[in-house]
file run_11.txt (compact mmCIF, C-alpha atoms)
# COMPACT_ATOMS: atom_id res chain seq x y z
CA MET A 18 3.07 22.65 30.49
CA THR A 19 -0.14 24.64 30.80
CA ALA A 20 -1.68 22.93 27.79
CA ILE A 21 -1.03 19.50 29.24
CA SER A 22 -2.35 20.48 32.67
CA GLU A 23 -5.56 21.74 31.12
CA GLN A 24 -5.87 18.60 29.01
CA SER A 25 -5.27 16.21 31.91
CA SER A 26 -7.50 18.09 34.37
CA THR A 27 -10.61 17.13 32.42
CA THR A 28 -11.46 13.45 32.71
CA THR A 29 -14.51 12.35 30.75
CA LEU A 30 -14.13 8.59 31.24
CA LEU A 31 -14.24 6.62 34.50
CA ARG A 32 -13.38 2.95 34.66
CA PHE A 33 -14.79 1.23 37.73
CA ALA A 34 -15.39 -2.28 39.01
CA THR A 35 -17.96 -3.80 41.34
CA ALA A 36 -17.08 -6.51 43.83
CA GLY A 37 -18.57 -8.18 46.88
CA SER A 38 -19.60 -11.48 48.38
CA VAL A 39 -22.09 -13.85 46.79
CA ASP A 40 -25.67 -12.52 46.71
CA ASP A 41 -24.67 -9.05 47.90
CA GLY A 42 -26.41 -7.64 44.83
CA LYS A 43 -23.59 -6.57 42.52
CA SER A 44 -25.36 -7.39 39.26
CA THR A 45 -28.60 -5.86 40.56
CA LEU A 46 -26.75 -2.64 41.40
CA VAL A 47 -25.22 -2.50 37.93
CA GLY A 48 -28.59 -3.22 36.36
CA ARG A 49 -30.20 -0.49 38.46
CA LEU A 50 -27.50 1.98 37.41
CA LEU A 51 -28.06 1.17 33.75
CA HIS A 52 -31.87 1.21 34.04
CA ASP A 53 -32.30 4.36 36.12
CA SER A 54 -29.71 6.32 34.13
CA LYS A 55 -31.68 5.52 30.96
CA SER A 56 -28.75 3.53 29.53
CA VAL A 57 -30.72 0.40 28.61
CA LEU A 58 -32.02 -0.05 25.08
CA THR A 59 -35.69 -0.93 24.69
CA ASP A 60 -35.01 -4.35 23.20
CA GLN A 61 -32.58 -5.16 26.04
CA LEU A 62 -35.17 -4.27 28.66
CA GLU A 63 -37.83 -6.28 26.84
CA ALA A 64 -35.51 -9.30 26.77
CA VAL A 65 -34.88 -8.99 30.51
CA GLU A 66 -38.60 -8.64 31.21
CA HIS A 67 -39.32 -11.75 29.11
CA ALA A 68 -36.60 -13.76 30.84
CA SER A 69 -37.88 -12.62 34.26
CA ARG A 70 -41.47 -13.64 33.46
CA SER A 71 -40.32 -17.03 32.24
CA ARG A 72 -38.70 -17.53 35.66
CA GLY A 73 -41.93 -16.60 37.45
CA GLN A 74 -40.86 -13.11 38.50
CA GLU A 75 -43.36 -10.26 38.28
CA ALA A 76 -40.82 -7.41 38.19
CA PRO A 77 -37.85 -7.43 35.77
CA ASP A 78 -34.69 -8.87 37.30
CA LEU A 79 -32.18 -6.13 36.51
CA ALA A 80 -29.28 -8.44 37.33
CA LEU A 81 -29.91 -10.15 33.99
CA LEU A 82 -28.60 -7.03 32.23
CA THR A 83 -25.08 -8.16 33.17
CA ASP A 84 -25.40 -11.88 33.94
CA GLY A 85 -25.47 -12.99 30.33
CA LEU A 86 -24.02 -16.50 30.58
CA ARG A 87 -26.53 -19.35 30.77
CA ALA A 88 -24.76 -20.77 33.84
CA GLU A 89 -24.95 -17.36 35.52
CA ARG A 90 -28.70 -17.10 34.98
CA GLU A 91 -29.33 -20.68 36.04
CA GLN A 92 -27.34 -20.35 39.27
CA GLY A 93 -28.12 -16.69 39.95
CA ILE A 94 -24.43 -15.83 40.33
CA THR A 95 -21.79 -13.92 38.38
CA ILE A 96 -19.05 -16.16 36.94
CA ASP A 97 -17.19 -14.07 34.39
CA VAL A 98 -16.35 -10.36 34.32
CA ALA A 99 -19.13 -8.48 32.56
CA TYR A 100 -18.07 -5.20 30.97
CA ARG A 101 -20.67 -2.54 30.28
CA TYR A 102 -20.48 0.93 28.81
CA PHE A 103 -22.90 3.70 29.68
CA ALA A 104 -22.90 7.47 29.79
CA THR A 105 -24.59 10.39 31.48
CA PRO A 106 -24.40 14.07 30.51
CA ARG A 107 -21.58 14.50 33.03
CA ARG A 108 -19.30 11.50 32.35
CA ARG A 109 -18.78 8.29 30.38
CA PHE A 110 -18.28 4.99 32.18
CA ILE A 111 -16.79 1.57 31.58
CA LEU A 112 -17.77 -0.78 34.39
CA ALA A 113 -16.66 -4.30 35.19
CA ASP A 114 -19.11 -6.46 37.16
CA THR A 115 -16.81 -9.01 38.80
CA PRO A 116 -17.70 -12.36 40.45
CA GLY A 117 -18.06 -12.77 44.21
CA HIS A 118 -17.04 -16.41 44.71
CA VAL A 119 -13.62 -17.19 46.16
CA GLN A 120 -12.74 -19.36 43.16
CA TYR A 121 -13.23 -16.37 40.86
CA THR A 122 -10.82 -14.02 42.67
CA ARG A 123 -8.67 -13.98 39.52
CA ASN A 124 -11.62 -12.55 37.61
CA MET A 125 -11.81 -9.63 40.01
CA VAL A 126 -8.11 -9.00 39.50
CA THR A 127 -8.77 -8.84 35.77
CA GLY A 128 -11.69 -6.44 36.14
CA ALA A 129 -10.05 -4.14 38.68
CA SER A 130 -6.58 -4.00 37.11
CA THR A 131 -7.48 -0.94 35.02
CA ALA A 132 -10.14 0.49 37.34
CA GLU A 133 -9.88 3.95 38.86
CA LEU A 134 -12.62 3.15 41.37
CA ALA A 135 -13.92 -0.01 43.03
CA VAL A 136 -17.43 -0.41 44.43
CA VAL A 137 -17.38 -3.04 47.19
CA LEU A 138 -20.86 -4.23 48.16
CA VAL A 139 -21.85 -5.48 51.59
CA ASP A 140 -25.15 -7.07 52.58
CA ALA A 141 -26.48 -4.95 55.45
CA ARG A 142 -27.75 -8.12 57.17
CA ASN A 143 -24.35 -9.86 57.12
CA GLY A 144 -21.91 -6.98 57.50
CA VAL A 145 -18.24 -7.28 56.59
CA VAL A 146 -17.47 -10.92 55.80
CA GLU A 147 -14.31 -12.74 54.71
CA GLN A 148 -14.95 -12.14 51.02
CA THR A 149 -15.48 -8.43 51.69
CA ARG A 150 -12.03 -8.24 53.25
CA ARG A 151 -10.59 -10.26 50.37
CA HIS A 152 -11.95 -7.83 47.78
CA ALA A 153 -10.75 -4.83 49.76
CA ALA A 154 -7.28 -6.39 49.86
CA VAL A 155 -7.30 -7.02 46.10
CA ALA A 156 -8.31 -3.39 45.48
CA ALA A 157 -5.44 -2.28 47.72
CA LEU A 158 -2.96 -4.59 45.97
CA LEU A 159 -4.00 -3.22 42.60
CA ARG A 160 -3.68 0.35 43.90
CA VAL A 161 -7.24 1.28 42.90
CA PRO A 162 -7.28 5.00 43.85
CA HIS A 163 -10.90 5.24 45.05
CA VAL A 164 -13.03 2.72 46.97
CA VAL A 165 -16.79 2.98 47.52
CA LEU A 166 -18.45 0.88 50.23
CA ALA A 167 -22.04 0.28 49.12
CA VAL A 168 -24.02 -1.11 52.05
CA ASN A 169 -26.80 -2.86 50.14
CA LYS A 170 -30.20 -4.26 51.13
CA MET A 171 -30.86 -1.49 53.63
CA ASP A 172 -34.57 -2.12 53.03
CA LEU A 173 -34.16 -5.50 54.78
CA VAL A 174 -32.84 -3.87 57.97
CA ASP A 175 -35.53 -1.17 58.08
CA TYR A 176 -33.08 1.45 56.77
CA ALA A 177 -31.46 1.59 60.23
CA GLU A 178 -28.65 4.14 60.50
CA PRO A 179 -26.78 2.28 63.31
CA VAL A 180 -26.47 -0.80 61.10
CA PHE A 181 -24.92 1.25 58.31
CA ALA A 182 -22.64 3.17 60.67
CA ALA A 183 -21.22 0.01 62.26
CA ILE A 184 -20.47 -1.60 58.90
CA ALA A 185 -18.92 1.59 57.53
CA GLU A 186 -16.66 1.95 60.57
CA GLU A 187 -15.47 -1.67 60.44
CA PHE A 188 -14.74 -1.60 56.71
CA THR A 189 -13.04 1.80 56.77
CA SER A 190 -10.76 0.66 59.59
CA TYR A 191 -9.79 -2.49 57.71
CA ALA A 192 -9.20 -0.56 54.47
CA ALA A 193 -7.00 1.93 56.29
CA SER A 194 -4.82 -0.93 57.54
CA LEU A 195 -4.25 -1.85 53.88
CA GLY A 196 -3.22 1.69 52.99
CA VAL A 197 -6.38 2.54 51.03
CA PRO A 198 -6.36 6.35 50.94
CA GLU A 199 -10.09 6.98 50.60
CA VAL A 200 -13.35 5.14 51.32
CA THR A 201 -16.79 6.59 50.58
CA ALA A 202 -19.62 4.71 52.32
CA ILE A 203 -23.14 4.87 50.82
CA PRO A 204 -26.27 3.09 52.16
CA ILE A 205 -28.34 1.71 49.28
CA SER A 206 -31.03 -0.70 48.19
CA ALA A 207 -30.20 -1.81 44.66
CA LEU A 208 -33.48 -3.68 44.33
CA ALA A 209 -35.63 -0.69 45.34
CA GLY A 210 -33.33 1.94 43.85
CA ASP A 211 -32.56 3.79 47.10
CA ASN A 212 -29.49 6.05 46.76
CA VAL A 213 -28.38 4.39 43.52
CA VAL A 214 -29.39 7.07 41.03
CA GLU A 215 -32.09 8.88 42.99
CA PRO A 216 -31.84 9.89 46.69
CA SER A 217 -33.72 7.65 49.09
CA ALA A 218 -36.91 8.85 50.76
CA HIS A 219 -36.37 6.26 53.49
CA MET A 220 -32.96 7.43 54.72
CA ASP A 221 -33.26 11.12 55.50
CA TRP A 222 -30.43 10.65 58.02
CA TYR A 223 -27.99 10.21 55.12
CA GLY A 224 -26.80 13.44 53.52
CA GLY A 225 -24.12 12.16 51.17
CA PRO A 226 -24.17 11.52 47.41
CA THR A 227 -25.95 8.73 45.58
CA VAL A 228 -23.81 6.10 43.88
CA LEU A 229 -24.22 7.71 40.45
CA GLU A 230 -23.59 11.20 41.79
CA HIS A 231 -20.34 10.05 43.36
CA LEU A 232 -19.30 8.26 40.17
CA GLU A 233 -19.97 11.44 38.19
CA THR A 234 -18.02 13.72 40.50
CA VAL A 235 -15.17 11.67 41.96
CA PRO A 236 -11.85 13.24 40.90
CA VAL A 237 -9.94 10.71 38.83
CA SER A 238 -7.67 13.01 36.87
CA HIS A 239 -4.09 13.77 37.72
CA ASP A 240 -1.40 15.89 36.17
CA LEU A 241 0.26 13.64 33.61
CA THR A 242 3.32 15.87 33.53
CA ALA A 243 4.08 14.82 37.11
CA CYS A 244 4.36 11.13 36.17
CA HIS A 245 7.55 9.35 35.19
CA ALA A 246 7.60 9.63 31.38
CA ARG A 247 7.75 6.23 29.70
CA PHE A 248 7.52 5.27 26.02
CA PRO A 249 7.57 1.54 25.14
CA VAL A 250 8.59 1.12 21.50
CA GLN A 251 6.02 -0.89 19.59
CA TYR A 252 7.22 -0.58 15.99
CA VAL A 253 10.16 0.91 14.09
CA ILE A 254 9.10 2.94 11.04
CA ARG A 255 11.72 2.92 8.30
CA PRO A 256 10.00 3.61 4.94
CA GLN A 257 13.20 4.16 2.86
CA THR A 258 11.24 5.80 0.06
CA ALA A 259 12.22 8.60 -2.29
CA GLU A 260 10.06 10.97 -0.25
CA HIS A 261 11.48 9.81 3.10
CA PRO A 262 14.90 8.26 2.38
CA ASP A 263 16.36 8.76 5.86
CA TYR A 264 13.24 8.67 8.04
CA ARG A 265 13.59 6.56 11.17
CA GLY A 266 10.81 6.76 13.73
CA TYR A 267 9.81 4.78 16.79
CA ALA A 268 6.07 4.30 17.11
CA GLY A 269 4.06 3.41 20.20
CA GLN A 270 1.73 4.67 22.90
CA ILE A 271 3.08 6.90 25.65
CA ALA A 272 2.53 4.92 28.84
CA ALA A 273 2.96 7.84 31.22
CA GLY A 274 4.19 11.41 31.43
CA ALA A 275 5.12 13.71 28.56
CA PHE A 276 7.87 14.04 25.97
CA ARG A 277 9.15 17.23 24.33
CA VAL A 278 11.27 17.99 21.27
CA GLY A 279 14.84 18.68 22.35
CA GLU A 280 14.56 16.57 25.52
CA ALA A 281 17.46 14.29 26.42
CA VAL A 282 16.36 10.65 26.60
CA THR A 283 17.80 7.25 27.43
CA VAL A 284 17.00 4.06 25.53
CA LEU A 285 16.70 1.01 27.75
CA PRO A 286 17.96 -1.60 28.31
CA SER A 287 20.99 -0.55 26.22
CA GLY A 288 21.49 2.73 28.13
CA ARG A 289 22.31 4.70 24.96
CA THR A 290 21.37 8.38 25.09
CA SER A 291 20.10 10.86 22.52
CA THR A 292 17.70 13.78 22.19
CA ILE A 293 14.22 13.93 20.68
CA ALA A 294 14.56 15.50 17.24
CA GLY A 295 10.83 15.38 16.42
CA ILE A 296 7.45 14.03 17.43
CA ASP A 297 4.85 12.99 14.84
CA ALA A 298 1.21 12.67 15.90
CA LEU A 299 -1.67 12.02 13.49
CA GLY A 300 0.51 12.89 10.51
CA GLU A 301 1.68 16.22 11.91
CA SER A 302 4.79 17.34 13.77
CA VAL A 303 4.21 18.53 17.32
CA ASP A 304 6.48 19.95 20.00
CA ILE A 305 5.04 17.97 22.89
CA ALA A 306 3.04 14.76 23.46
CA TRP A 307 1.64 13.09 26.57
CA ALA A 308 -0.02 9.87 27.74
CA PRO A 309 -2.01 8.10 26.41
CA GLN A 310 -1.30 9.50 22.94
CA SER A 311 0.02 7.21 20.21
CA VAL A 312 2.93 8.97 18.51
CA THR A 313 6.18 8.45 16.64
CA LEU A 314 9.39 9.73 18.21
CA ARG A 315 12.39 10.69 16.07
CA LEU A 316 15.81 10.82 17.73
CA ALA A 317 18.84 12.89 16.80
CA ASP A 318 21.15 9.87 16.70
CA ASP A 319 20.92 6.55 14.88
CA ILE A 320 20.66 4.04 17.71
CA ASP A 321 19.90 0.33 17.57
CA ILE A 322 16.31 0.38 18.84
CA SER A 323 13.69 -2.31 18.36
CA ARG A 324 10.29 -3.36 19.65
CA GLY A 325 10.35 -3.82 23.41
CA ASP A 326 12.88 -1.09 24.14
CA LEU A 327 11.83 1.72 26.48
CA ILE A 328 12.52 5.41 25.92
CA ALA A 329 12.61 7.54 29.08
CA PRO A 330 13.99 10.95 30.13
CA ALA A 331 17.73 10.78 30.68
CA ASP A 332 17.40 12.19 34.20
CA ASP A 333 14.41 10.01 35.17
CA ALA A 334 15.06 6.58 33.73
CA PRO A 335 13.98 3.44 35.60
CA ALA A 336 16.53 0.97 36.91
CA VAL A 337 17.36 -1.98 34.68
CA THR A 338 17.28 -5.41 36.32
CA GLN A 339 17.13 -9.11 35.62
CA ASP A 340 15.83 -9.99 39.09
CA VAL A 341 12.16 -9.14 39.47
CA GLU A 342 10.50 -9.27 42.89
CA ALA A 343 6.75 -8.90 42.72
CA THR A 344 3.33 -9.77 44.03
CA VAL A 345 1.41 -11.94 41.59
CA CYS A 346 -2.09 -13.31 41.25
CA HIS A 347 -2.05 -16.76 39.71
CA VAL A 348 -4.83 -17.08 37.13
CA ALA A 349 -4.07 -20.39 35.42
CA ASP A 350 -5.65 -23.71 36.39
CA HIS A 351 -2.28 -25.48 36.67
CA PRO A 352 0.09 -24.27 39.41
CA LEU A 353 3.12 -22.01 39.24
CA THR A 354 6.15 -23.75 40.73
CA VAL A 355 9.71 -22.87 41.71
CA GLY A 356 12.09 -23.59 38.83
CA GLN A 357 9.37 -23.24 36.18
CA ARG A 358 10.45 -21.68 32.89
CA VAL A 359 8.13 -18.92 31.68
CA LEU A 360 7.90 -15.93 29.40
CA LEU A 361 7.63 -12.51 31.02
CA LYS A 362 5.70 -9.87 29.07
CA HIS A 363 6.30 -6.27 30.17
CA THR A 364 4.73 -3.52 28.02
CA THR A 365 5.87 -4.42 24.48
CA ARG A 366 8.80 -6.58 25.57
CA THR A 367 8.67 -10.36 26.06
CA VAL A 368 11.67 -12.21 27.50
CA LYS A 369 12.48 -15.70 28.74
CA ALA A 370 12.51 -16.12 32.51
CA ILE A 371 12.60 -18.67 35.32
CA VAL A 372 10.76 -18.64 38.65
CA LYS A 373 13.62 -18.60 41.16
CA ASP A 374 11.58 -18.50 44.36
CA ILE A 375 8.07 -18.21 45.79
CA PRO A 376 8.80 -16.72 49.24
CA SER A 377 5.22 -16.55 50.48
CA ARG A 378 1.52 -16.90 49.76
CA LEU A 379 -0.87 -14.25 51.03
CA ALA A 380 -3.99 -15.21 52.99
CA LEU A 381 -6.33 -12.36 52.11
CA ASP A 382 -8.78 -13.07 54.92
CA ASP A 383 -6.30 -12.08 57.65
CA LEU A 384 -3.38 -10.75 55.52
CA SER A 385 -0.99 -13.34 56.98
CA GLN A 386 1.97 -14.58 54.94
CA HIS A 387 2.39 -18.33 54.52
CA PRO A 388 6.13 -18.83 53.96
CA ALA A 389 7.65 -21.06 51.28
CA PRO A 390 4.45 -22.53 49.79
CA GLY A 391 6.44 -24.09 46.93
CA GLN A 392 3.74 -23.28 44.41
CA LEU A 393 0.80 -21.02 43.68
CA VAL A 394 -2.51 -22.46 42.49
CA ALA A 395 -5.44 -20.75 40.78
CA ASN A 396 -6.57 -17.56 42.57
CA ASP A 397 -3.57 -17.56 44.92
CA ILE A 398 -1.79 -14.27 45.54
CA GLY A 399 1.82 -14.46 46.59
CA ARG A 400 5.33 -13.07 46.33
CA VAL A 401 7.64 -14.38 43.61
CA VAL A 402 11.21 -13.81 42.50
CA VAL A 403 11.79 -14.14 38.76
CA ARG A 404 15.12 -14.14 36.92
CA THR A 405 14.93 -12.93 33.33
CA ALA A 406 17.25 -13.86 30.48
CA GLU A 407 17.48 -10.22 29.39
CA PRO A 408 17.41 -7.00 31.43
CA LEU A 409 14.11 -5.15 31.92
CA ALA A 410 13.37 -1.49 32.62
CA LEU A 411 10.72 -2.05 35.27
CA ASP A 412 9.08 0.53 37.51
CA ALA A 413 7.53 -0.24 40.89
CA TYR A 414 3.79 -0.85 40.55
CA ALA A 415 3.17 1.80 43.23
CA ASP A 416 4.76 4.36 40.90
CA SER A 417 3.13 3.23 37.66
CA ARG A 418 0.39 0.65 37.16
CA ARG A 419 1.27 0.56 33.45
CA THR A 420 5.05 0.04 33.54
CA GLY A 421 5.09 -1.72 36.91
CA SER A 422 2.86 -4.60 35.81
CA PHE A 423 3.68 -7.70 33.81
CA LEU A 424 2.39 -11.13 32.82
CA LEU A 425 3.97 -14.54 33.17
CA ILE A 426 3.12 -16.74 30.19
CA ASP A 427 3.46 -20.47 29.52
CA PRO A 428 6.00 -20.73 26.66
CA ALA A 429 4.46 -24.02 25.50
CA ASP A 430 0.97 -22.82 24.62
CA GLY A 431 0.87 -19.07 25.34
CA THR A 432 -1.46 -19.42 28.34
CA THR A 433 -1.39 -16.52 30.79
CA LEU A 434 -0.16 -17.88 34.13
CA THR A 435 0.01 -14.91 36.48
CA ALA A 436 -0.54 -11.16 36.63
CA GLY A 437 2.37 -9.46 38.38
CA MET A 438 2.87 -6.20 40.25
CA ALA A 439 6.52 -5.26 40.79
CA GLY A 440 7.69 -3.99 44.14
CA ALA A 441 6.03 -3.97 47.57
CA SER A 442 2.59 -5.50 48.12
CA PHE A 443 0.52 -2.92 49.97
CA ALA A 444 0.96 0.82 50.18
CA THR A 445 1.63 0.51 53.91
CA ALA A 446 4.48 -1.88 53.23
CA ALA A 447 5.96 0.61 50.78
CA GLY A 448 5.96 3.59 53.06
CA ALA A 449 3.38 4.15 55.75
CA GLU A 450 4.44 1.36 58.12
CA ALA A 451 8.13 1.96 57.58
CA GLY A 452 7.69 5.69 58.07
CA THR A 453 9.33 6.48 54.73
CA GLY A 454 6.40 8.23 53.09
CA THR A 455 2.80 9.26 53.28
CA GLU A 456 -0.24 7.40 52.00
CA ALA A 457 -0.48 9.94 49.19
CA ASP A 458 3.12 9.19 48.20
CA ALA A 459 2.42 5.46 48.13
CA TRP A 460 -0.52 5.94 45.79
CA ASP A 461 1.27 8.18 43.26
CA PHE A 462 0.33 7.14 39.74

call {"tool": "encode", "arguments": {"input": "run_11.txt", "output": "structure tokens"}}
result
Amino acid sequence: MTAISEQSSTTTLLRFATAGSVDDGKSTLVGRLLHDSKSVLTDQLEAVEHASRSRGQEAPDLALLTDGLRAEREQGITIDVAYRYFATPRRRFILADTPGHVQYTRNMVTGASTAELAVVLVDARNGVVEQTRRHAAVAALLRVPHVVLAVNKMDLVDYAEPVFAAIAEEFTSYAASLGVPEVTAIPISALAGDNVVEPSAHMDWYGGPTVLEHLETVPVSHDLTACHARFPVQYVIRPQTAEHPDYRGYAGQIAAGAFRVGEAVTVLPSGRTSTIAGIDALGESVDIAWAPQSVTLRLADDIDISRGDLIAPADDAPAVTQDVEATVCHVADHPLTVGQRVLLKHTTRTVKAIVKDIPSRLALDDLSQHPAPGQLVANDIGRVVVRTAEPLALDAYADSRRTGSFLLIDPADGTTLTAGMAGASFATAAGAEAGTGTEADAWDF
């Protein structure tokens, strides 16, 4: 227990996403982070400087460090999710620069689905706009644990503290209504570099961290032993050699929690029980393993187990169901309709399914529910009810982002149709509004 706690208390990698309305300066902020943290290679900077000069700009346009598509550079907007890796002496980062246009909401869902922090930008001149609220709602739906409000272009409002304070208060209030547990507001100028990596000399009224300082110090670790232990089986190892005539192991990556030798486990969806006889990791036998390690579990009993089965503690196994109620974001260009036959992919398991109902579509600007829309089109977020041909061991997304998420796939051509999150939509719907739990409970990963 102590070894795992020590291991999980040190987090060296932070995944975060940027979002905001069009022209709020997302790509410029990312470029400034990369440039001022000395994470840009010389040839990359030279290429950006050359491209900027060819467009008649005297100073290098740092947004070009992430806007790599020709259409993005021509239009001056972000279209696709741009992933970038950089590191400082204190932490490593994987960032996703997501688009701001309404029609690219699905791209933000993709970028923020694995993020532990979301940076939502607001233009200080415009304040909180509809797209700002939309991105805050998406971050809340995806249960992103930490949200940063970056009030950008403070240089264009004379670095006025009242402007920043009003925007921060409005956004924080809206985020709280969504059940977001934490918002950190930072006034910045991405173009000038104020409060991005270095503290601003123009805003002595602000005493908080810079964007990079917050990214380096925000606590993103949690005790993995407190999570519901889940092990999706990816491959059955049965060598049947002279050296290993009776070896039978179940290989995969631990999705959450920890497993120990001697622990009683249940195999789902069959419900058969056994105990863990051994755990093999990197060619050696170990007594304990935890997420996200890739290991091979050996059980005491010979049970019919195949790819797609889930191994969980016998006293903490998820419920098995064929009726899945979830919030989904539709990402395909053709609509999702009631009665449509699909494939549902959950961890390593893929089953046939049918869309039984689409009860509502969510309007992210005012969080109203439009009942019985009949279909979901690209970028729509709504509630669906899916009936699967085989039972699934599915957690609520609020309990586990890994085992509570799934994809709906077109069986004809393999196109991804929707990204799904099982259970209640917002954290407030799961507990805070109903009075059944605290915000911290609703955001338990």

call {"tool": "residues_around", "arguments": {"input": "run_11.txt", "residues": "stretch 216-228 of chain A", "least_positions_apart": "3", "cutoff": "9 Å", "atoms": "only C-alpha atoms", "output": "compact mmCIF listing (two decimals) with C-alpha atoms, keeping the file's coordinate frame"}}
result
# COMPACT_ATOMS: atom_id res chain seq x y z
CA LEU A 50 -27.50 1.98 37.41
CA VAL A 165 -16.79 2.98 47.52
CA ALA A 167 -22.04 0.28 49.12
CA ASP A 172 -34.57 -2.12 53.03
CA ASP A 175 -35.53 -1.17 58.08
CA TYR A 176 -33.08 1.45 56.77
CA ALA A 177 -31.46 1.59 60.23
CA GLU A 178 -28.65 4.14 60.50
CA ALA A 202 -19.62 4.71 52.32
CA ILE A 203 -23.14 4.87 50.82
CA PRO A 204 -26.27 3.09 52.16
CA ILE A 205 -28.34 1.71 49.28
CA SER A 206 -31.03 -0.70 48.19
CA GLY A 210 -33.33 1.94 43.85
CA ASP A 211 -32.56 3.79 47.10
CA ASN A 212 -29.49 6.05 46.76
CA VAL A 213 -28.38 4.39 43.52
CA HIS A 231 -20.34 10.05 43.36
CA LEU A 232 -19.30 8.26 40.17
CA GLU A 233 -19.97 11.44 38.19

call {"tool": "atom_distance", "arguments": {"input": "run_11.txt", "atom1": "atom CA of A:Val348", "atom2": "atom CA of A:Thr435"}}
result
5.3 Å

call {"tool": "closest_atom_pairs", "arguments": {"input": "run_11.txt", "of": "stretch 299-410 of chain A", "to": "stretch 274-282 of chain A", "cutoff": "6 Å", "atoms": "only C-alpha atoms", "output": "CSV"}}
result
residue,atom,partner,partner_atom,distance
A:Asp304,CA,A:Val278,CA,5.3
A:Ile305,CA,A:Arg277,CA,4.4
A:Ala306,CA,A:Phe276,CA,5.5
A:Trp307,CA,A:Ala275,CA,4.1
A:Ala308,CA,A:Gly274,CA,5.8
A:Ala329,CA,A:Val282,CA,5.5
A:Pro330,CA,A:Val282,CA,4.3
A:Ala331,CA,A:Val282,CA,4.3

call {"tool": "closest_residue", "arguments": {"input": "run_11.txt", "among": "A:Pro179, A:Gly266, A:Pro408, A:Pro352", "to": "A:Leu285", "atoms": "all atoms listed in the file"}}
result
A:Pro408

call {"tool": "atom_distance", "arguments": {"input": "run_11.txt", "atom1": "atom CA of A:Val284", "atom2": "atom CA of A:Ile328"}}
result
4.7 Å

call {"tool": "axis_aligned_box", "arguments": {"input": "run_11.txt", "around": "stretch 327-340 of chain A", "padding_each_side": "6 Å", "output": "AutoDock Vina command-line options"}}
result
--center_x 14.8 --center_y 1.1 --center_z 32.5 --size_x 17.9 --size_y 34.2 --size_z 25.2

call {"tool": "atom_distance", "arguments": {"input": "run_11.txt", "atom1": "atom CA of A:Ile375", "atom2": "atom CA of A:Thr344"}}
result
9.8 Å

call {"tool": "residues_near_point", "arguments": {"input": "run_11.txt", "point": "(-25.8, -3.5, 50.9)", "cutoff": "12 Å", "atoms": "all atoms listed in the file", "output": "JSON list (two decimals) with C-alpha atoms, in the coordinates of the input"}}
result
[["chain", "number", "residue", "atom", "x", "y", "z"],
["A", 36, "ALA", "CA", -17.08, -6.51, 43.83],
["A", 37, "GLY", "CA", -18.57, -8.18, 46.88],
["A", 38, "SER", "CA", -19.60, -11.48, 48.38],
["A", 39, "VAL", "CA", -22.09, -13.85, 46.79],
["A", 40, "ASP", "CA", -25.67, -12.52, 46.71],
["A", 41, "ASP", "CA", -24.67, -9.05, 47.90],
["A", 42, "GLY", "CA", -26.41, -7.64, 44.83],
["A", 43, "LYS", "CA", -23.59, -6.57, 42.52],
["A", 45, "THR", "CA", -28.60, -5.86, 40.56],
["A", 46, "LEU", "CA", -26.75, -2.64, 41.40],
["A", 136, "VAL", "CA", -17.43, -0.41, 44.43],
["A", 137, "VAL", "CA", -17.38, -3.04, 47.19],
["A", 138, "LEU", "CA", -20.86, -4.23, 48.16],
["A", 139, "VAL", "CA", -21.85, -5.48, 51.59],
["A", 140, "ASP", "CA", -25.15, -7.07, 52.58],
["A", 141, "ALA", "CA", -26.48, -4.95, 55.45],
["A", 142, "ARG", "CA", -27.75, -8.12, 57.17],
["A", 143, "ASN", "CA", -24.35, -9.86, 57.12],
["A", 144, "GLY", "CA", -21.91, -6.98, 57.50],
["A", 145, "VAL", "CA", -18.24, -7.28, 56.59],
["A", 149, "THR", "CA", -15.48, -8.43, 51.69],
["A", 165, "VAL", "CA", -16.79, 2.98, 47.52],
["A", 166, "LEU", "CA", -18.45, 0.88, 50.23],
["A", 167, "ALA", "CA", -22.04, 0.28, 49.12],
["A", 168, "VAL", "CA", -24.02, -1.11, 52.05],
["A", 169, "ASN", "CA", -26.80, -2.86, 50.14],
["A", 170, "LYS", "CA", -30.20, -4.26, 51.13],
["A", 171, "MET", "CA", -30.86, -1.49, 53.63],
["A", 172, "ASP", "CA", -34.57, -2.12, 53.03],
["A", 173, "LEU", "CA", -34.16, -5.50, 54.78],
["A", 174, "VAL", "CA", -32.84, -3.87, 57.97],
["A", 176, "TYR", "CA", -33.08, 1.45, 56.77],
["A", 180, "VAL", "CA", -26.47, -0.80, 61.10],
["A", 181, "PHE", "CA", -24.92, 1.25, 58.31],
["A", 184, "ILE", "CA", -20.47, -1.60, 58.90],
["A", 185, "ALA", "CA", -18.92, 1.59, 57.53],
["A", 202, "ALA", "CA", -19.62, 4.71, 52.32],
["A", 203, "ILE", "CA", -23.14, 4.87, 50.82],
["A", 204, "PRO", "CA", -26.27, 3.09, 52.16],
["A", 205, "ILE", "CA", -28.34, 1.71, 49.28],
["A", 206, "SER", "CA", -31.03, -0.70, 48.19],
["A", 207, "ALA", "CA", -30.20, -1.81, 44.66],
["A", 208, "LEU", "CA", -33.48, -3.68, 44.33],
["A", 209, "ALA", "CA", -35.63, -0.69, 45.34],
["A", 210, "GLY", "CA", -33.33, 1.94, 43.85],
["A", 211, "ASP", "CA", -32.56, 3.79, 47.10],
["A", 212, "ASN", "CA", -29.49, 6.05, 46.76],
["A", 213, "VAL", "CA", -28.38, 4.39, 43.52]]

call {"tool": "residues_around", "arguments": {"input": "run_11.txt", "residues": "stretch 246-256 of chain A", "least_positions_apart": "4", "cutoff": "6 Å", "atoms": "all atoms listed in the file", "output": "list in words"}}
result
Tyr264, Arg265, Gly266, Tyr267, Ala268, Gly269, Ile271, Ala272, Ala273, Gly274, Ala275, Arg324, Gly325, Asp326, Leu327, Ile328 and Ala329 of chain A
